[in-house]
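Structure data follow from final_25.cif (mmCIF, C-alpha atoms):
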data_upload
loop_
_atom_site.label_atom_id
_atom_site.label_comp_id
_atom_site.auth_asym_id
_atom_site.auth_seq_id
_atom_site.Cartn_x
_atom_site.Cartn_y
_atom_site.Cartn_z
CA ASN A 276 -72.93 62.53 124.95
CA ALA A 277 -76.71 62.12 125.01
CA GLY A 278 -77.41 61.40 121.30
CA VAL A 279 -81.18 61.20 120.70
CA THR A 280 -83.34 61.74 123.79
CA GLN A 281 -87.05 60.89 123.90
CA THR A 282 -89.58 61.70 126.60
CA PRO A 283 -91.69 60.30 128.10
CA LYS A 284 -90.63 56.63 128.07
CA PHE A 285 -94.14 55.46 128.96
CA GLN A 286 -97.54 57.09 128.61
CA VAL A 287 -101.14 55.96 128.99
CA LEU A 288 -103.88 58.02 127.34
CA LYS A 289 -107.61 57.80 127.04
CA THR A 290 -109.24 57.87 123.62
CA GLY A 291 -109.59 61.44 122.42
CA GLN A 292 -106.82 62.90 124.56
CA SER A 293 -103.91 64.74 122.97
CA MET A 294 -100.27 64.67 123.88
CA THR A 295 -96.79 65.45 122.60
CA LEU A 296 -93.84 63.09 122.43
CA GLN A 297 -90.59 64.99 122.74
CA CYS A 298 -87.40 64.30 120.79
CA ALA A 299 -84.11 66.13 121.05
CA GLN A 300 -80.69 65.41 119.54
CA ASP A 301 -77.36 67.01 120.32
CA MET A 302 -75.43 65.85 117.25
CA ASN A 303 -76.40 68.77 114.99
CA HIS A 304 -78.13 66.37 112.60
CA GLU A 305 -80.20 67.90 109.82
CA TYR A 306 -82.42 64.86 109.35
CA MET A 307 -84.90 63.79 112.03
CA SER A 308 -87.82 61.40 111.87
CA TRP A 309 -90.47 59.52 113.81
CA TYR A 310 -91.21 55.82 113.45
CA ARG A 311 -93.70 53.51 115.06
CA GLN A 312 -92.98 49.86 115.79
CA ASP A 313 -95.80 47.35 116.10
CA PRO A 314 -95.60 43.58 116.69
CA GLY A 315 -95.09 41.63 113.48
CA MET A 316 -94.44 44.76 111.43
CA GLY A 317 -91.32 46.58 110.44
CA LEU A 318 -90.61 50.11 111.57
CA ARG A 319 -92.94 52.50 109.76
CA LEU A 320 -92.15 56.14 109.06
CA ILE A 321 -94.67 58.67 110.40
CA HIS A 322 -93.12 62.06 109.63
CA TYR A 323 -89.68 63.36 108.83
CA SER A 324 -87.71 66.59 108.53
CA VAL A 325 -84.61 67.47 106.54
CA GLY A 326 -83.97 70.68 108.43
CA ALA A 327 -85.49 73.40 110.59
CA GLY A 328 -88.75 74.62 109.14
CA ILE A 329 -89.11 71.65 106.76
CA THR A 330 -91.32 68.64 107.47
CA ASP A 331 -93.00 66.00 105.33
CA GLN A 332 -95.23 62.97 105.68
CA GLY A 333 -94.06 59.40 105.80
CA GLU A 334 -95.94 56.16 105.32
CA VAL A 335 -98.43 56.50 108.23
CA PRO A 336 -98.96 60.21 109.02
CA ASN A 337 -102.70 60.28 109.82
CA GLY A 338 -103.49 61.39 113.37
CA TYR A 339 -100.04 62.87 113.95
CA ASN A 340 -98.58 66.33 113.60
CA VAL A 341 -94.98 67.58 113.69
CA SER A 342 -93.04 70.82 113.58
CA ARG A 343 -89.32 71.61 113.44
CA SER A 344 -88.51 75.06 114.78
CA THR A 345 -84.91 74.23 115.73
CA THR A 346 -82.27 71.78 114.51
CA GLU A 347 -82.29 70.02 117.89
CA ASP A 348 -85.98 69.36 118.52
CA PHE A 349 -88.65 67.43 116.64
CA PRO A 350 -91.83 66.87 118.69
CA LEU A 351 -94.61 64.51 117.61
CA ARG A 352 -98.16 65.51 118.48
CA LEU A 353 -101.10 63.13 118.74
CA LEU A 354 -104.13 65.27 118.07
CA SER A 355 -106.91 62.96 119.30
CA ALA A 356 -105.54 59.63 120.47
CA ALA A 357 -107.10 56.40 119.21
CA PRO A 358 -106.48 52.79 120.34
CA SER A 359 -104.87 52.14 116.93
CA GLN A 360 -102.08 54.51 117.99
CA THR A 361 -101.01 52.17 120.77
CA SER A 362 -97.42 51.47 119.79
CA VAL A 363 -93.77 52.09 120.54
CA TYR A 364 -92.52 55.30 118.97
CA PHE A 365 -88.93 55.96 118.00
CA CYS A 366 -87.28 59.20 117.05
CA ALA A 367 -84.26 58.90 114.75
CA SER A 368 -81.75 61.32 113.31
CA SER A 369 -78.90 61.34 110.82
CA TRP A 370 -76.10 63.58 109.60
CA ASP A 371 -76.95 62.60 106.02
CA ARG A 372 -80.10 64.21 104.62
CA ALA A 373 -80.27 61.76 101.70
CA GLY A 374 -79.99 58.43 103.44
CA GLY A 375 -77.74 56.22 105.49
CA GLU A 376 -77.36 55.16 109.07
CA LEU A 377 -79.93 56.33 111.57
CA PHE A 378 -79.38 57.11 115.24
CA PHE A 379 -82.42 56.09 117.29
CA GLY A 380 -83.71 57.18 120.65
CA GLU A 381 -84.71 54.63 123.29
CA GLY A 382 -88.39 54.80 122.44
CA SER A 383 -91.67 55.92 123.95
CA ARG A 384 -94.27 53.26 124.72
CA LEU A 385 -97.79 54.66 124.30
CA THR A 386 -100.99 52.91 125.32
CA VAL A 387 -104.35 54.37 124.32
CA LEU A 388 -107.33 53.00 126.24
CA GLU B 18 -93.14 47.90 96.06
CA ASP B 19 -89.91 47.23 97.94
CA GLN B 20 -89.96 44.23 100.26
CA VAL B 21 -87.73 42.88 103.01
CA THR B 22 -88.17 39.41 104.50
CA GLN B 23 -86.05 38.22 107.39
CA SER B 24 -85.63 34.62 108.45
CA PRO B 25 -85.84 32.89 110.75
CA GLU B 26 -88.19 34.89 112.96
CA ALA B 27 -86.41 33.53 116.02
CA LEU B 28 -83.17 31.63 116.54
CA ARG B 29 -81.84 29.97 119.65
CA LEU B 30 -78.14 29.12 119.74
CA GLN B 31 -75.79 27.63 122.27
CA GLU B 32 -72.86 29.84 123.18
CA GLY B 33 -70.15 29.23 120.56
CA GLU B 34 -72.57 27.78 117.98
CA SER B 35 -72.10 29.81 114.78
CA SER B 36 -75.05 30.54 112.49
CA SER B 37 -76.44 33.00 109.94
CA LEU B 38 -79.46 35.28 109.72
CA ASN B 39 -81.03 35.94 106.35
CA CYS B 40 -82.48 39.11 104.82
CA SER B 41 -84.11 38.65 101.42
CA TYR B 42 -85.06 41.81 99.58
CA THR B 43 -86.59 43.16 96.42
CA VAL B 44 -85.89 46.77 95.55
CA SER B 45 -85.84 48.86 92.40
CA GLY B 46 -82.14 49.67 92.47
CA LEU B 47 -80.33 49.39 95.80
CA ARG B 48 -78.79 52.47 97.38
CA GLY B 49 -77.94 50.69 100.61
CA LEU B 50 -78.80 47.74 102.85
CA PHE B 51 -78.60 48.33 106.58
CA TRP B 52 -78.29 46.05 109.59
CA TYR B 53 -79.37 47.19 113.05
CA ARG B 54 -79.31 45.52 116.46
CA GLN B 55 -82.20 46.14 118.87
CA ASP B 56 -82.07 45.18 122.55
CA PRO B 57 -85.35 44.76 124.48
CA GLY B 58 -86.83 48.11 125.44
CA LYS B 59 -84.24 50.03 123.43
CA GLY B 60 -84.01 51.70 120.05
CA PRO B 61 -82.23 50.08 117.10
CA GLU B 62 -78.46 50.52 116.98
CA PHE B 63 -76.71 50.78 113.64
CA LEU B 64 -74.33 47.96 112.71
CA PHE B 65 -73.50 47.99 108.98
CA THR B 66 -74.27 49.50 105.61
CA LEU B 67 -73.70 47.44 102.45
CA TYR B 68 -73.89 49.08 99.04
CA SER B 69 -73.14 46.51 96.34
CA ALA B 70 -73.17 42.77 95.74
CA GLY B 71 -70.04 41.06 96.98
CA GLU B 72 -69.40 43.58 99.72
CA GLU B 73 -68.63 42.30 103.22
CA LYS B 74 -68.27 44.10 106.55
CA GLU B 75 -67.18 42.81 109.93
CA LYS B 76 -67.53 43.88 113.52
CA GLU B 77 -66.32 41.63 116.32
CA ARG B 78 -68.24 38.33 115.92
CA LEU B 79 -70.54 39.67 113.20
CA LYS B 80 -69.99 39.65 109.46
CA ALA B 81 -72.51 40.98 106.95
CA THR B 82 -72.50 39.95 103.30
CA LEU B 83 -74.58 41.05 100.32
CA THR B 84 -75.78 39.50 97.07
CA LYS B 85 -78.24 40.93 94.54
CA LYS B 86 -81.17 39.28 96.31
CA GLU B 87 -80.19 38.79 99.93
CA SER B 88 -77.89 39.65 102.78
CA PHE B 89 -76.58 37.41 105.50
CA LEU B 90 -75.50 38.31 108.99
CA HIS B 91 -73.04 35.64 110.08
CA ILE B 92 -72.47 35.25 113.80
CA THR B 93 -69.29 33.41 114.73
CA ALA B 94 -68.95 31.81 118.16
CA PRO B 95 -71.77 33.91 119.64
CA LYS B 96 -71.89 34.96 123.27
CA PRO B 97 -74.96 35.60 125.45
CA GLU B 98 -74.44 39.34 125.02
CA ASP B 99 -75.16 38.92 121.29
CA SER B 100 -78.78 38.14 122.20
CA ALA B 101 -80.96 40.79 120.55
CA THR B 102 -83.29 41.34 117.63
CA TYR B 103 -81.46 42.04 114.37
CA LEU B 104 -83.21 44.27 111.84
CA CYS B 105 -82.50 44.60 108.14
CA ALA B 106 -83.55 47.59 106.01
CA VAL B 107 -83.16 48.60 102.37
CA GLN B 108 -83.09 52.00 100.71
CA PRO B 109 -83.69 52.31 96.98
CA ASN B 110 -81.82 54.62 94.66
CA SER B 111 -85.04 56.47 93.90
CA GLY B 112 -85.67 58.00 97.30
CA GLY B 113 -84.37 59.16 100.65
CA TYR B 114 -85.20 57.90 104.11
CA GLN B 115 -88.90 58.00 103.30
CA LYS B 116 -88.33 55.07 100.96
CA VAL B 117 -86.47 52.87 103.48
CA THR B 118 -88.23 49.56 104.14
CA PHE B 119 -87.52 47.67 107.36
CA GLY B 120 -87.88 43.95 107.93
CA THR B 121 -89.60 42.53 111.00
CA GLY B 122 -86.36 41.22 112.46
CA THR B 123 -84.80 38.00 113.73
CA LYS B 124 -84.84 37.52 117.47
CA LEU B 125 -81.59 35.83 118.51
CA GLN B 126 -81.14 34.13 121.86
CA VAL B 127 -77.70 32.82 122.82
CA ILE B 128 -77.75 30.40 125.72
CA PRO B 129 -74.70 30.02 128.01
#
Can you dump the structure from the file as structure tokens?
Amino acid sequence: NAGVTQTPKFQVLKTGQSMTLQCAQDMNHEYMSWYRQDPGMGLRLIHYSVGAGITDQGEVPNGYNVSRSTTEDFPLRLLSAAPSQTSVYFCASSWDRAGGELFFGEGSRLTVL
Amino acid sequence: EDQVTQSPEALRLQEGESSSLNCSYTVSGLRGLFWYRQDPGKGPEFLFTLYSAGEEKEKERLKATLTKKESFLHITAPKPEDSATYLCAVQPNSGGYQKVTFGTGTKLQVIP
């Protein structure tokens, strides 16, 4: 019963490098999303998807890219990492496409030097 | 713009010492107010959803209540394992998850 699985848990990048944060869920949830959590700020939505083939921008989408080719997977791509992207990233999913409780992964801590 | 303010930022309690955490909110029509628990190094874990003023929900030592302007998370006779950061979030009627606003949380420490 894995729930929402994120990899890697920790990553250090140099400015300008690219990478992909992986997210997979085994609950057959239609809704998936990515948040970032920074000290002194609430969770902020980066991108979200209401089903395979459908993605949309959240509050802070710049510098990030997503795709949703399957129900299970929702990777987050950093195109050219910047120090401002140093953060903890959480993937979340839900059975309800319209709103409600979210199931979060354990997080990926990213440091950009 | 929807806003969520949680207080206090941090709370230290002795084991067994009951207290309440506050979540004040402004939203243009409330669809739902959510409480999550977050342990260090982990993702938030869902606790409760409240939909309308006067509603209450309970889980073990936790009870969440809702008014038109704020929600309280009451912790009765807390234990050290209740130590965590508690997050509050609101979702307006006008939008889906993209409209959910999270607070910055209250960090609770329960001392044996």
Could you tell me how far CA of Gln126 (chain B) sits from CA of Asp99 (chain B), in Å to one decimal place? 7.7 Å
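For the choices A:Val279, A:Val341, A:Leu354, A:Val287, the atom-to-atom distance to chain B is smallest for A:Val279 when using only C-alpha atoms.
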Quick one: which residues end up in the PyMOL selection byres ((chain B) within 10 of (chain A)) for this structure, as a VMD selection string? chain B and resid 21 to 22 26 48 to 53 55 to 66 104 to 110 112 to 122
Could you give me the centre and size, in Å to one decimal, of an axis-aligned box around all listed atoms of region 305-315 of chain A with 8 Å added on every side, as JSON?
{"center_x": -88.0, "center_y": 54.8, "center_z": 113.0, "size_x": 31.6, "size_y": 42.3, "size_z": 23.3}
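When all atoms listed in the file are used to compute distances to Ile128 (chain B), the closest of the residues B:Ser41, B:Ala70, B:Tyr103, B:Pro97 turns out to be B:Pro97.
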What lies within 8 Å of Gly326 (chain A) using all atoms listed in the file, ignoring chain neighbours under 3 positions off, as a ChimeraX atom specification? /A:305-307,329-330,343,346
The PyMOL selection byres ((chain B and resi 78) around 6) resolved against shown file, as a VMD selection string: chain B and resid 77 79 92 to 93
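In this model, the gap between CA of Pro283 (chain A) and CA of Thr295 (chain A) comes to 9.1 Å.
The interatomic distance for the pair CA of Ser88 (chain B) and CA of Pro129 (chain B) works out to 27.2 Å.
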The PyMOL selection byres ((chain A and resi 348) around 9) - which residues does that actually catch in the file I just gave you? List them as a short mmCIF file (atom, residue, chain, number, x, y, z; two decimals) with C-alpha atoms, keeping the file's coordinate frame.
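So the final result, stored in out.cif, reads:
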data_model
loop_
_atom_site.label_atom_id
_atom_site.label_comp_id
_atom_site.auth_asym_id
_atom_site.auth_seq_id
_atom_site.Cartn_x
_atom_site.Cartn_y
_atom_site.Cartn_z
CA GLN A 297 -90.59 64.99 122.74
CA CYS A 298 -87.40 64.30 120.79
CA ALA A 299 -84.11 66.13 121.05
CA GLN A 300 -80.69 65.41 119.54
CA MET A 307 -84.90 63.79 112.03
CA ALA A 327 -85.49 73.40 110.59
CA SER A 342 -93.04 70.82 113.58
CA ARG A 343 -89.32 71.61 113.44
CA SER A 344 -88.51 75.06 114.78
CA THR A 345 -84.91 74.23 115.73
CA THR A 346 -82.27 71.78 114.51
CA GLU A 347 -82.29 70.02 117.89
CA PHE A 349 -88.65 67.43 116.64
CA PRO A 350 -91.83 66.87 118.69
#
Applying 7 Å and only C-alpha atoms, which residues near Gln20 (chain B) remain after dropping the ones on its own chain fewer than 3 positions away? List them as a ChimeraX atom specification. /B:42-44,118
Within 10 Å of file point (-75.5, 28.1, 119.4), counting all atoms listed in the file, expressed as an mmCIF file with C-alpha atoms, keeping the file's coordinate frame:
data_model
loop_
_atom_site.group_PDB
_atom_site.id
_atom_site.type_symbol
_atom_site.label_atom_id
_atom_site.label_comp_id
_atom_site.auth_asym_id
_atom_site.auth_seq_id
_atom_site.Cartn_x
_atom_site.Cartn_y
_atom_site.Cartn_z
ATOM 1 C CA LEU B 28 -83.170 31.630 116.540
ATOM 2 C CA ARG B 29 -81.840 29.970 119.650
ATOM 3 C CA LEU B 30 -78.140 29.120 119.740
ATOM 4 C CA GLN B 31 -75.790 27.630 122.270
ATOM 5 C CA GLU B 32 -72.860 29.840 123.180
ATOM 6 C CA GLY B 33 -70.150 29.230 120.560
ATOM 7 C CA GLU B 34 -72.570 27.780 117.980
ATOM 8 C CA SER B 35 -72.100 29.810 114.780
ATOM 9 C CA SER B 36 -75.050 30.540 112.490
ATOM 10 C CA ILE B 92 -72.470 35.250 113.800
ATOM 11 C CA THR B 93 -69.290 33.410 114.730
ATOM 12 C CA ALA B 94 -68.950 31.810 118.160
ATOM 13 C CA PRO B 95 -71.770 33.910 119.640
ATOM 14 C CA LYS B 96 -71.890 34.960 123.270
ATOM 15 C CA PRO B 97 -74.960 35.600 125.450
ATOM 16 C CA LEU B 125 -81.590 35.830 118.510
ATOM 17 C CA GLN B 126 -81.140 34.130 121.860
ATOM 18 C CA VAL B 127 -77.700 32.820 122.820
ATOM 19 C CA ILE B 128 -77.750 30.400 125.720
ATOM 20 C CA PRO B 129 -74.700 30.020 128.010
#
